[in-house]
$ cat input_9.cif   # mmCIF, C-alpha atoms (C1' of nucleotides) and all ligand atoms
data_run
loop_
_atom_site.label_atom_id
_atom_site.label_comp_id
_atom_site.auth_asym_id
_atom_site.auth_seq_id
_atom_site.Cartn_x
_atom_site.Cartn_y
_atom_site.Cartn_z
CA MET A 1 21.41 65.09 -22.90
CA THR A 2 19.76 67.78 -24.98
CA ALA A 3 20.20 71.34 -23.90
CA THR A 4 17.14 72.32 -21.88
CA GLY A 5 13.95 71.60 -23.74
CA PHE A 6 11.07 69.68 -22.24
CA GLU A 7 13.11 66.50 -22.43
CA THR A 8 15.43 65.30 -19.70
CA HIS A 9 19.08 66.12 -19.83
CA ASP A 10 22.36 65.86 -17.97
CA HIS A 11 21.50 68.30 -15.28
CA SER A 12 24.72 68.55 -13.31
CA ALA A 13 26.70 69.15 -16.50
CA CYS A 14 24.12 71.71 -17.48
CA ILE A 15 24.69 73.54 -14.20
CA SER A 16 28.44 73.53 -14.25
CA THR A 17 28.62 74.58 -17.88
CA ALA A 18 26.35 77.53 -17.26
CA LEU A 19 28.24 78.56 -14.15
CA ALA A 20 31.55 78.36 -15.94
CA ALA A 21 30.17 80.40 -18.82
CA ALA A 22 28.92 83.05 -16.41
CA GLU A 23 32.25 83.15 -14.66
CA THR A 24 34.14 83.60 -17.90
CA CYS A 25 31.75 86.26 -19.09
CA CYS A 26 32.08 88.20 -15.85
CA THR A 27 35.84 88.07 -16.00
CA GLU A 28 35.83 89.31 -19.56
CA HIS A 29 33.51 92.19 -18.79
CA ARG A 30 35.05 93.13 -15.44
CA LEU A 31 31.89 92.21 -13.61
CA GLN A 32 32.01 91.01 -10.04
CA PHE A 33 30.57 87.54 -9.80
CA THR A 34 30.19 87.73 -6.05
CA LYS A 35 29.16 85.00 -3.67
CA VAL A 36 25.49 85.92 -3.52
CA ARG A 37 25.23 86.46 -7.25
CA ARG A 38 26.87 83.15 -7.93
CA ARG A 39 24.72 81.35 -5.40
CA VAL A 40 21.51 82.79 -6.82
CA LEU A 41 22.46 81.65 -10.29
CA GLU A 42 23.27 78.23 -8.88
CA ILE A 43 19.89 78.05 -7.23
CA LEU A 44 18.11 79.01 -10.43
CA LEU A 45 20.12 76.51 -12.43
CA HIS A 46 19.62 73.78 -9.90
CA GLU A 47 15.87 74.16 -9.68
CA HIS A 48 15.69 74.59 -13.41
CA ARG A 49 12.34 76.29 -13.18
CA ALA A 50 10.92 79.71 -12.49
CA LEU A 51 11.41 80.82 -8.89
CA GLY A 52 9.98 83.82 -7.11
CA ALA A 53 12.39 86.29 -5.55
CA TYR A 54 11.19 85.28 -2.12
CA ASP A 55 11.73 81.58 -2.85
CA ILE A 56 15.33 82.40 -3.60
CA LEU A 57 15.56 84.64 -0.59
CA ALA A 58 14.38 81.80 1.62
CA VAL A 59 17.23 79.60 0.40
CA LEU A 60 19.76 82.37 0.91
CA ALA A 61 18.44 83.04 4.38
CA GLY A 62 18.79 79.37 5.25
CA GLU A 63 22.43 79.62 4.29
CA GLY A 64 23.16 82.84 6.12
CA LEU A 65 23.69 84.76 2.91
CA GLY A 66 21.16 87.46 3.62
CA ALA A 67 17.59 87.59 4.72
CA GLN A 68 16.25 90.89 3.35
CA PRO A 69 14.49 91.33 0.01
CA PRO A 70 17.14 93.63 -1.47
CA VAL A 71 19.70 90.85 -1.24
CA ALA A 72 17.72 88.69 -3.63
CA TYR A 73 16.53 91.52 -5.85
CA ARG A 74 20.00 92.95 -6.28
CA ALA A 75 21.44 89.62 -7.30
CA LEU A 76 18.53 88.98 -9.67
CA GLU A 77 18.91 92.42 -11.19
CA PHE A 78 22.57 91.69 -11.83
CA LEU A 79 21.84 88.31 -13.40
CA VAL A 80 19.00 89.61 -15.54
CA SER A 81 20.74 92.69 -16.80
CA ASN A 82 23.81 90.69 -17.74
CA GLY A 83 21.85 88.03 -19.53
CA PHE A 84 22.37 85.12 -17.11
CA ALA A 85 18.73 84.98 -16.12
CA HIS A 86 15.36 86.24 -17.25
CA LYS A 87 12.26 87.46 -15.51
CA ILE A 88 8.98 85.79 -16.40
CA GLU A 89 6.62 88.74 -16.18
CA LYS A 90 3.52 86.63 -16.22
CA LEU A 91 4.62 84.78 -13.09
CA ASN A 92 6.69 87.41 -11.32
CA ALA A 93 9.39 84.80 -11.29
CA TYR A 94 12.94 84.34 -12.46
CA ILE A 95 14.70 81.60 -14.39
CA ALA A 96 18.24 80.92 -15.54
CA CYS A 97 18.87 81.64 -19.20
CA SER A 98 19.14 78.63 -21.47
CA LEU A 99 21.11 80.47 -24.12
CA PRO A 100 23.66 82.54 -22.22
CA GLY A 101 25.94 84.67 -24.30
CA GLN A 102 23.63 84.74 -27.30
CA ASP A 103 22.09 88.20 -26.82
CA HIS A 104 18.53 87.18 -27.54
CA SER A 105 14.99 88.22 -26.76
CA PRO A 106 13.82 85.15 -24.90
CA VAL A 107 10.67 83.25 -25.75
CA PHE A 108 9.06 81.30 -22.94
CA MET A 109 6.54 78.52 -22.90
CA ILE A 110 4.59 78.17 -19.70
CA CYS A 111 2.58 75.00 -19.07
CA ARG A 112 -0.82 75.62 -17.57
CA SER A 113 -1.03 72.26 -15.86
CA CYS A 114 2.42 71.69 -14.45
CA GLN A 115 3.74 75.28 -14.39
CA THR A 116 6.93 74.21 -16.11
CA VAL A 117 8.63 77.08 -17.89
CA VAL A 118 10.93 76.43 -20.80
CA GLU A 119 12.88 78.92 -22.83
CA ALA A 120 12.66 78.26 -26.54
CA GLN A 121 15.93 77.02 -27.96
CA THR A 122 15.22 78.54 -31.31
CA VAL A 123 15.87 82.25 -31.50
CA LEU A 124 12.79 83.91 -32.93
CA PRO A 125 13.51 85.54 -36.27
CA ALA A 126 12.84 89.25 -36.28
CA GLY A 127 10.16 89.08 -38.94
CA GLN A 128 6.50 89.42 -38.14
CA LEU A 129 6.72 91.26 -34.87
CA ALA A 130 9.11 93.81 -36.34
CA GLN A 131 6.73 94.24 -39.26
CA VAL A 132 3.79 94.89 -36.96
CA ALA A 133 5.85 97.47 -35.12
CA ARG A 134 7.03 99.09 -38.31
CA ASP A 135 3.39 99.47 -39.35
CA ALA A 136 2.95 101.59 -36.24
CA GLY A 137 6.20 103.51 -36.61
CA PHE A 138 7.59 101.96 -33.47
CA ASP A 139 11.23 100.96 -32.82
CA ILE A 140 11.48 97.74 -30.86
CA GLU A 141 14.43 97.41 -28.51
CA ARG A 142 13.38 94.40 -26.49
CA ALA A 143 10.34 92.15 -26.35
CA VAL A 144 8.69 90.02 -23.72
CA ILE A 145 7.21 86.91 -25.30
CA GLU A 146 5.53 84.42 -23.01
CA ALA A 147 3.28 81.71 -24.37
CA GLU A 148 0.88 79.79 -22.19
CA GLY A 149 -0.28 76.36 -23.14
CA THR A 150 0.29 72.68 -22.58
CA CYS A 151 3.66 71.01 -22.49
CA PRO A 152 4.29 67.66 -24.22
CA ALA A 153 4.20 65.70 -20.97
CA CYS A 154 0.89 67.14 -19.85
CA ARG A 155 -0.66 66.78 -23.27
CA ASN A 156 0.31 63.12 -23.38
CA SER A 157 -1.08 62.38 -19.94
CA LYS A 158 -4.27 64.24 -20.84
CA ASP A 159 -4.62 62.23 -24.04
CA ALA A 160 -4.04 59.03 -22.13
CA ALA A 161 -6.72 60.02 -19.63
CA SER A 162 -9.30 60.67 -22.33
CA ASP A 163 -8.44 57.38 -24.03
CA ALA A 164 -9.21 55.45 -20.85
CA PRO A 165 -12.39 57.03 -19.43
CA GLY A 166 -12.29 55.22 -16.13
CA THR A 167 -11.05 58.04 -13.95
CA LYS A 168 -14.00 58.39 -11.58
CA ALA A 169 -16.18 60.45 -13.92
CA MET B 1 -9.79 109.90 -36.59
CA THR B 2 -7.82 106.70 -36.95
CA ALA B 3 -8.61 103.87 -34.62
CA THR B 4 -6.10 103.96 -31.76
CA GLY B 5 -2.53 103.95 -33.05
CA PHE B 6 0.06 106.45 -31.93
CA GLU B 7 -1.79 109.14 -33.88
CA THR B 8 -4.57 111.27 -32.47
CA HIS B 9 -8.18 110.31 -32.97
CA ASP B 10 -11.75 111.18 -32.08
CA HIS B 11 -11.60 110.14 -28.50
CA SER B 12 -15.16 110.57 -27.34
CA ALA B 13 -16.42 108.57 -30.31
CA CYS B 14 -13.79 105.96 -29.53
CA ILE B 15 -15.11 105.68 -25.99
CA SER B 16 -18.76 105.46 -26.83
CA THR B 17 -18.19 102.98 -29.63
CA ALA B 18 -16.23 100.68 -27.36
CA LEU B 19 -18.77 100.96 -24.57
CA ALA B 20 -21.61 100.20 -26.93
CA ALA B 21 -19.73 97.22 -28.32
CA ALA B 22 -19.10 95.91 -24.81
CA GLU B 23 -22.75 96.37 -23.92
CA THR B 24 -23.89 94.49 -27.00
CA CYS B 25 -21.42 91.72 -26.40
CA CYS B 26 -22.50 91.30 -22.80
CA THR B 27 -26.15 91.13 -23.80
CA GLU B 28 -25.40 88.49 -26.42
CA HIS B 29 -23.39 86.37 -24.02
CA ARG B 30 -25.67 86.83 -20.98
CA LEU B 31 -22.94 88.64 -19.07
CA GLN B 32 -23.78 91.24 -16.47
CA PHE B 33 -22.31 94.56 -17.45
CA THR B 34 -22.75 96.02 -14.00
CA LYS B 35 -22.18 99.55 -12.81
CA VAL B 36 -18.67 99.00 -11.49
CA ARG B 37 -17.61 96.95 -14.50
CA ARG B 38 -18.95 99.55 -16.87
CA ARG B 39 -17.32 102.36 -14.94
CA VAL B 40 -13.92 100.65 -14.89
CA LEU B 41 -14.07 100.14 -18.64
CA GLU B 42 -15.04 103.80 -19.03
CA ILE B 43 -12.06 104.86 -16.94
CA LEU B 44 -9.69 102.72 -18.99
CA LEU B 45 -11.15 104.00 -22.23
CA HIS B 46 -11.10 107.57 -21.07
CA GLU B 47 -7.49 107.54 -19.96
CA HIS B 48 -6.55 105.57 -23.01
CA ARG B 49 -3.38 104.35 -21.41
CA ALA B 50 -2.27 101.65 -19.01
CA LEU B 51 -3.54 102.16 -15.47
CA GLY B 52 -2.64 100.30 -12.31
CA ALA B 53 -5.41 98.59 -10.38
CA TYR B 54 -4.94 101.05 -7.54
CA ASP B 55 -5.20 104.03 -9.89
CA ILE B 56 -8.59 102.75 -10.93
CA LEU B 57 -9.51 101.98 -7.36
CA ALA B 58 -8.76 105.56 -6.39
CA VAL B 59 -11.19 106.83 -8.99
CA LEU B 60 -13.86 104.38 -7.89
CA ALA B 61 -13.33 105.34 -4.28
CA GLY B 62 -13.74 108.99 -5.14
CA GLU B 63 -17.09 108.16 -6.65
CA GLY B 64 -18.32 105.98 -3.82
CA LEU B 65 -18.23 102.84 -5.94
CA GLY B 66 -15.98 100.85 -3.65
CA ALA B 67 -12.75 101.44 -1.85
CA GLN B 68 -11.23 97.98 -1.35
CA PRO B 69 -8.83 96.27 -3.75
CA PRO B 70 -11.16 93.40 -4.66
CA VAL B 71 -13.62 95.85 -6.16
CA ALA B 72 -11.11 96.92 -8.77
CA TYR B 73 -9.60 93.48 -9.25
CA ARG B 74 -12.97 91.82 -9.78
CA ALA B 75 -14.00 94.31 -12.40
CA LEU B 76 -10.64 94.04 -14.14
CA GLU B 77 -10.83 90.26 -14.06
CA PHE B 78 -14.22 90.44 -15.73
CA LEU B 79 -13.05 92.86 -18.40
CA VAL B 80 -9.86 90.94 -19.11
CA SER B 81 -11.40 87.50 -19.24
CA ASN B 82 -14.13 88.72 -21.59
CA GLY B 83 -11.73 90.49 -23.89
CA PHE B 84 -12.66 94.10 -23.14
CA ALA B 85 -9.30 94.89 -21.56
CA HIS B 86 -5.83 93.45 -21.29
CA LYS B 87 -3.22 93.30 -18.60
CA ILE B 88 0.24 94.61 -19.44
CA GLU B 89 2.36 92.19 -17.45
CA LYS B 90 5.50 94.23 -17.79
CA LEU B 91 3.83 97.20 -16.09
CA ASN B 92 1.36 95.48 -13.81
CA ALA B 93 -1.22 97.67 -15.46
CA TYR B 94 -4.44 97.38 -17.41
CA ILE B 95 -5.62 98.91 -20.65
CA ALA B 96 -8.81 98.81 -22.69
CA CYS B 97 -8.68 96.55 -25.72
CA SER B 98 -8.34 98.28 -29.08
CA LEU B 99 -9.78 95.37 -31.03
CA PRO B 100 -12.75 94.17 -28.99
CA GLY B 101 -14.63 91.25 -30.42
CA GLN B 102 -11.74 90.02 -32.54
CA ASP B 103 -10.47 87.20 -30.32
CA HIS B 104 -6.82 88.02 -30.64
CA SER B 105 -3.57 87.61 -28.77
CA PRO B 106 -2.70 91.23 -28.19
CA VAL B 107 0.64 92.74 -29.10
CA PHE B 108 1.69 95.80 -27.14
CA MET B 109 4.27 98.44 -27.80
CA ILE B 110 5.52 100.25 -24.74
CA CYS B 111 7.51 103.46 -25.16
CA ARG B 112 10.50 103.71 -22.89
CA SER B 113 10.50 107.50 -22.81
CA CYS B 114 6.85 108.44 -22.50
CA GLN B 115 5.40 105.17 -21.17
CA THR B 116 2.67 105.24 -23.79
CA VAL B 117 1.25 101.81 -24.44
CA VAL B 118 -0.36 101.01 -27.76
CA GLU B 119 -1.96 97.78 -28.87
CA ALA B 120 -0.94 96.78 -32.36
CA GLN B 121 -3.80 97.11 -34.82
CA THR B 122 -2.47 94.32 -36.94
CA VAL B 123 -3.26 90.87 -35.65
CA LEU B 124 -0.05 88.90 -35.54
CA PRO B 125 -0.16 85.92 -37.87
CA ALA B 126 0.32 82.63 -36.10
CA GLY B 127 3.51 81.77 -37.94
CA GLN B 128 6.90 81.98 -36.33
CA LEU B 129 5.95 81.75 -32.71
CA ALA B 130 3.77 78.74 -33.37
CA GLN B 131 6.65 77.16 -35.27
CA VAL B 132 9.04 77.70 -32.39
CA ALA B 133 6.53 76.11 -30.06
CA ARG B 134 5.91 73.21 -32.38
CA ASP B 135 9.66 72.56 -32.41
CA ALA B 136 9.40 72.03 -28.67
CA GLY B 137 6.18 70.01 -28.81
CA PHE B 138 4.27 72.73 -27.00
CA ASP B 139 0.63 73.73 -27.64
CA ILE B 140 0.16 77.47 -27.37
CA GLU B 141 -3.18 78.68 -26.06
CA ARG B 142 -2.42 82.30 -25.40
CA ALA B 143 0.62 84.52 -25.66
CA VAL B 144 1.81 87.66 -23.96
CA ILE B 145 3.75 89.84 -26.38
CA GLU B 146 5.02 93.14 -25.09
CA ALA B 147 7.61 95.09 -27.03
CA GLU B 148 9.60 97.88 -25.45
CA GLY B 149 11.08 100.62 -27.55
CA THR B 150 10.56 104.14 -28.78
CA CYS B 151 7.31 105.50 -30.14
CA PRO B 152 7.20 107.71 -33.23
CA ALA B 153 6.70 110.91 -31.24
CA CYS B 154 9.65 110.27 -28.94
CA ARG B 155 11.87 109.19 -31.78
CA ASN B 156 11.12 112.39 -33.66
CA SER B 157 11.79 114.61 -30.69
CA LYS B 158 15.01 112.72 -30.01
CA ASP B 159 16.11 113.18 -33.63
CA ALA B 160 15.30 116.87 -33.41
CA ALA B 161 17.33 117.17 -30.22
CA SER B 162 20.39 115.56 -31.78
CA ASP B 163 20.07 117.81 -34.82
CA ALA B 164 20.21 120.91 -32.62
CA PRO B 165 22.89 120.19 -29.98
CA GLY B 166 22.08 123.10 -27.72
CA THR B 167 20.19 121.31 -24.99
CA LYS B 168 22.51 121.89 -22.03
CA ALA B 169 24.99 119.14 -22.91
"C1'" DA C 1 -45.80 84.84 -2.88
"C1'" DT C 2 -42.08 82.38 -1.17
"C1'" DC C 3 -38.13 79.60 -1.61
"C1'" DT C 4 -33.67 78.75 -3.35
"C1'" DG C 5 -29.45 78.68 -5.72
"C1'" DT C 6 -26.11 81.55 -8.08
"C1'" DA C 7 -23.74 85.67 -9.14
"C1'" DA C 8 -22.18 89.94 -7.55
"C1'" DT C 9 -20.76 93.19 -3.64
"C1'" DG C 10 -18.99 95.00 0.69
"C1'" DT C 11 -15.33 94.93 3.90
"C1'" DA C 12 -11.33 93.64 6.48
"C1'" DA C 13 -7.24 91.54 6.76
"C1'" DT C 14 -3.34 89.63 4.79
"C1'" DA C 15 0.03 87.88 1.42
"C1'" DC C 16 3.15 88.68 -2.08
"C1'" DT C 17 6.36 91.51 -4.93
"C1'" DA C 18 9.53 95.30 -5.25
"C1'" DT C 19 12.02 99.65 -4.13
"C1'" DA C 20 13.97 103.63 -1.40
"C1'" DT C 21 17.37 105.05 1.67
"C1'" DC C 22 21.58 105.45 4.11
"C1'" DA C 23 25.54 104.06 6.50
"C1'" DA C 24 29.34 100.83 6.33
"C1'" DC C 25 32.63 98.33 3.78
"C1'" DC C 26 35.95 96.67 0.41
"C1'" DC C 27 38.96 97.09 -3.22
"C1'" DG C 28 41.74 99.05 -6.93
"C1'" DC C 29 44.21 102.95 -7.69
"C1'" DA C 30 46.20 107.91 -7.71
"C1'" DT D 1 47.36 107.56 2.40
"C1'" DG D 2 43.40 108.99 0.69
"C1'" DC D 3 39.82 108.91 -2.91
"C1'" DG D 4 35.91 106.87 -5.60
"C1'" DG D 5 33.06 103.24 -7.34
"C1'" DG D 6 30.64 99.38 -6.59
"C1'" DT D 7 28.84 96.18 -3.11
"C1'" DT D 8 26.63 95.04 1.16
"C1'" DG D 9 23.67 95.28 5.45
"C1'" DA D 10 19.70 96.81 7.56
"C1'" DT D 11 15.35 99.20 8.14
"C1'" DA D 12 11.46 100.92 6.30
"C1'" DT D 13 8.06 101.48 2.94
"C1'" DA D 14 5.66 101.24 -1.47
"C1'" DG D 15 2.99 98.75 -4.73
"C1'" DT D 16 0.30 94.69 -6.34
"C1'" DA D 17 -2.89 90.95 -5.51
"C1'" DT D 18 -5.54 87.45 -2.87
"C1'" DT D 19 -8.13 85.19 0.89
"C1'" DA D 20 -11.95 85.05 3.68
"C1'" DC D 21 -16.36 85.77 5.02
"C1'" DA D 22 -20.67 88.28 5.49
"C1'" DT D 23 -24.23 90.31 2.67
"C1'" DT D 24 -27.19 91.58 -1.08
"C1'" DA D 25 -29.54 91.17 -5.71
"C1'" DC D 26 -31.91 88.60 -8.74
"C1'" DA D 27 -33.80 84.80 -11.75
"C1'" DG D 28 -36.16 80.57 -11.84
"C1'" DA D 29 -38.72 76.91 -9.35
"C1'" DT D 30 -42.30 75.64 -6.08
ZN ZN E 1 17.76 83.39 -22.46
ZN ZN E 2 3.36 70.52 -18.21
ZN ZN E 3 -6.95 93.68 -27.62
ZN ZN E 4 6.71 107.87 -26.56
#

$ encode --input "input_9.cif" --output "structure tokens"
Amino acid sequence: MTATGFETHDHSACISTALAAAETCCTEHRLQFTKVRRRVLEILLHEHRALGAYDILAVLAGEGLGAQPPVAYRALEFLVSNGFAHKIEKLNAYIACSLPGQDHSPVFMICRSCQTVVEAQTVLPAGQLAQVARDAGFDIERAVIEAEGTCPACRNSKDAASDAPGTKA
Amino acid sequence: MTATGFETHDHSACISTALAAAETCCTEHRLQFTKVRRRVLEILLHEHRALGAYDILAVLAGEGLGAQPPVAYRALEFLVSNGFAHKIEKLNAYIACSLPGQDHSPVFMICRSCQTVVEAQTVLPAGQLAQVARDAGFDIERAVIEAEGTCPACRNSKDAASDAPGTKA
DNA sequence: ATCTGTAATGTAATACTATATCAACCCGCA
DNA sequence: TGCGGGTTGATATAGTATTACATTACAGAT
């Protein structure tokens, strides 16, 4: 039931909450939450992982919502620039935001073994990175932070494997 | 004469130092610093900014060193995986490392107005980001950190412009 | 001196990611 | 009723990266 960490959670609630939040936010800001935009956010929320633009496009095409790249890219651009989704630069992929409405610089953790991508639930304090930039006289507006490593699940299964060395080696 | 910040520096010395360091490092680690690899590093060092793989390829092609994408990508892969260069994910571009031999997770600052990319000279301490990851049970191996903002030069010229409001507005 | 395995290259073709462009459309509004 | 902005549809194209396979270069073993 936790928000969206590496643990499991109530996924359908997670989807509907996020959709409702997006809807409200769009109404407030006079943004048009059109059919394609809504559907793309749904797809991202449903999969709950990073998807390539063409993965999304394939789903849309299967539903008759558009088959050309600009359809997907336009919707993604809308979602990203309004904070409902993020782009994972390292993967050229997109993922629904886990902290919508919080105006944050996202921090992602990408698992090398299972490719799971999780957005950190803790907002990174502006300390060290800002200091490094200040040393260089640079004004930071936004930052891409993407960590690669091993997620809890994969670490556990790796540990288990090394405990029991009977795996055909 | 400073290393490679936003300030100016002795560029030819900067190039030859870095090349010599790479050469030494390759000798020590039994790596083949071949003609193409060396040339690509030279190009990156010479330009001293982020270059796309196809920019590099164009130079190589002009010199008869190879005209097909894999030529550039192989050399870049070698340079990146041995720490002589980095990829800027946000730009799909490559840049020579400013801190070769230091085994660091690079931090880049990308200027929105002039597209200059500078690698921070301060190595980021492992504090906050590691803490955020630990909260999620995630083991970080590497991290991509790319900050977008305004470099000192562009900030100054912007300030000057707003001081003297006679620029056709 | 020849063999052999590995790393590096050469080359072509293709896959994947993203944008440019322009006409048509819809909707809120003067 | 007509205008203007944002959205959409459709085609084309640009930009980035990989696969595949043939070939060459070279170090170490025979
Ligand atoms: Zn987010
Ligand atoms: Zn994992
Ligand atoms: Zn570096
Ligand atoms: Zn600048």

$ residues_around --input "input_9.cif" --residues "DT23 of chain D" --least-positions-apart "4" --cutoff "12 Å" --atoms "all atoms listed in the file" --output "list in words"
DA8, DT9, DG10 and DT11 of chain C

$ closest_residue --input "input_9.cif" --among "B:Ala93, B:Gly62, B:Leu79, B:His48" --to "chain D" --atoms "all atoms listed in the file"
B:Ala93

$ residues_around --input "input_9.cif" --residues "segment 5-16 of chain D" --least-positions-apart "4" --cutoff "9 Å" --atoms "all atoms listed in the file" --output "ChimeraX atom specification"
/A:66,68,71 /B:52-54,92 /C:16-21,24-26

$ closest_residue --input "input_9.cif" --among "C:DA12, C:DC22, C:DA30, C:DA1" --to "chain B" --atoms "all atoms listed in the file"
C:DA12

$ residues_around --input "input_9.cif" --residues "DT6 of chain C" --least-positions-apart "5" --cutoff "12 Å" --atoms "all atoms listed in the file" --output "list in words"
DA25, DC26, DA27 and DG28 of chain D

$ write_last_selection --input "input_9.cif" --atoms "C-alpha atoms (C1' of nucleotides)" --output "compact mmCIF listing (two decimals), in the coordinates of the input"
# COMPACT_ATOMS: atom_id res chain seq x y z
C1' DA D 25 -29.54 91.17 -5.71
C1' DC D 26 -31.91 88.60 -8.74
C1' DA D 27 -33.80 84.80 -11.75
C1' DG D 28 -36.16 80.57 -11.84
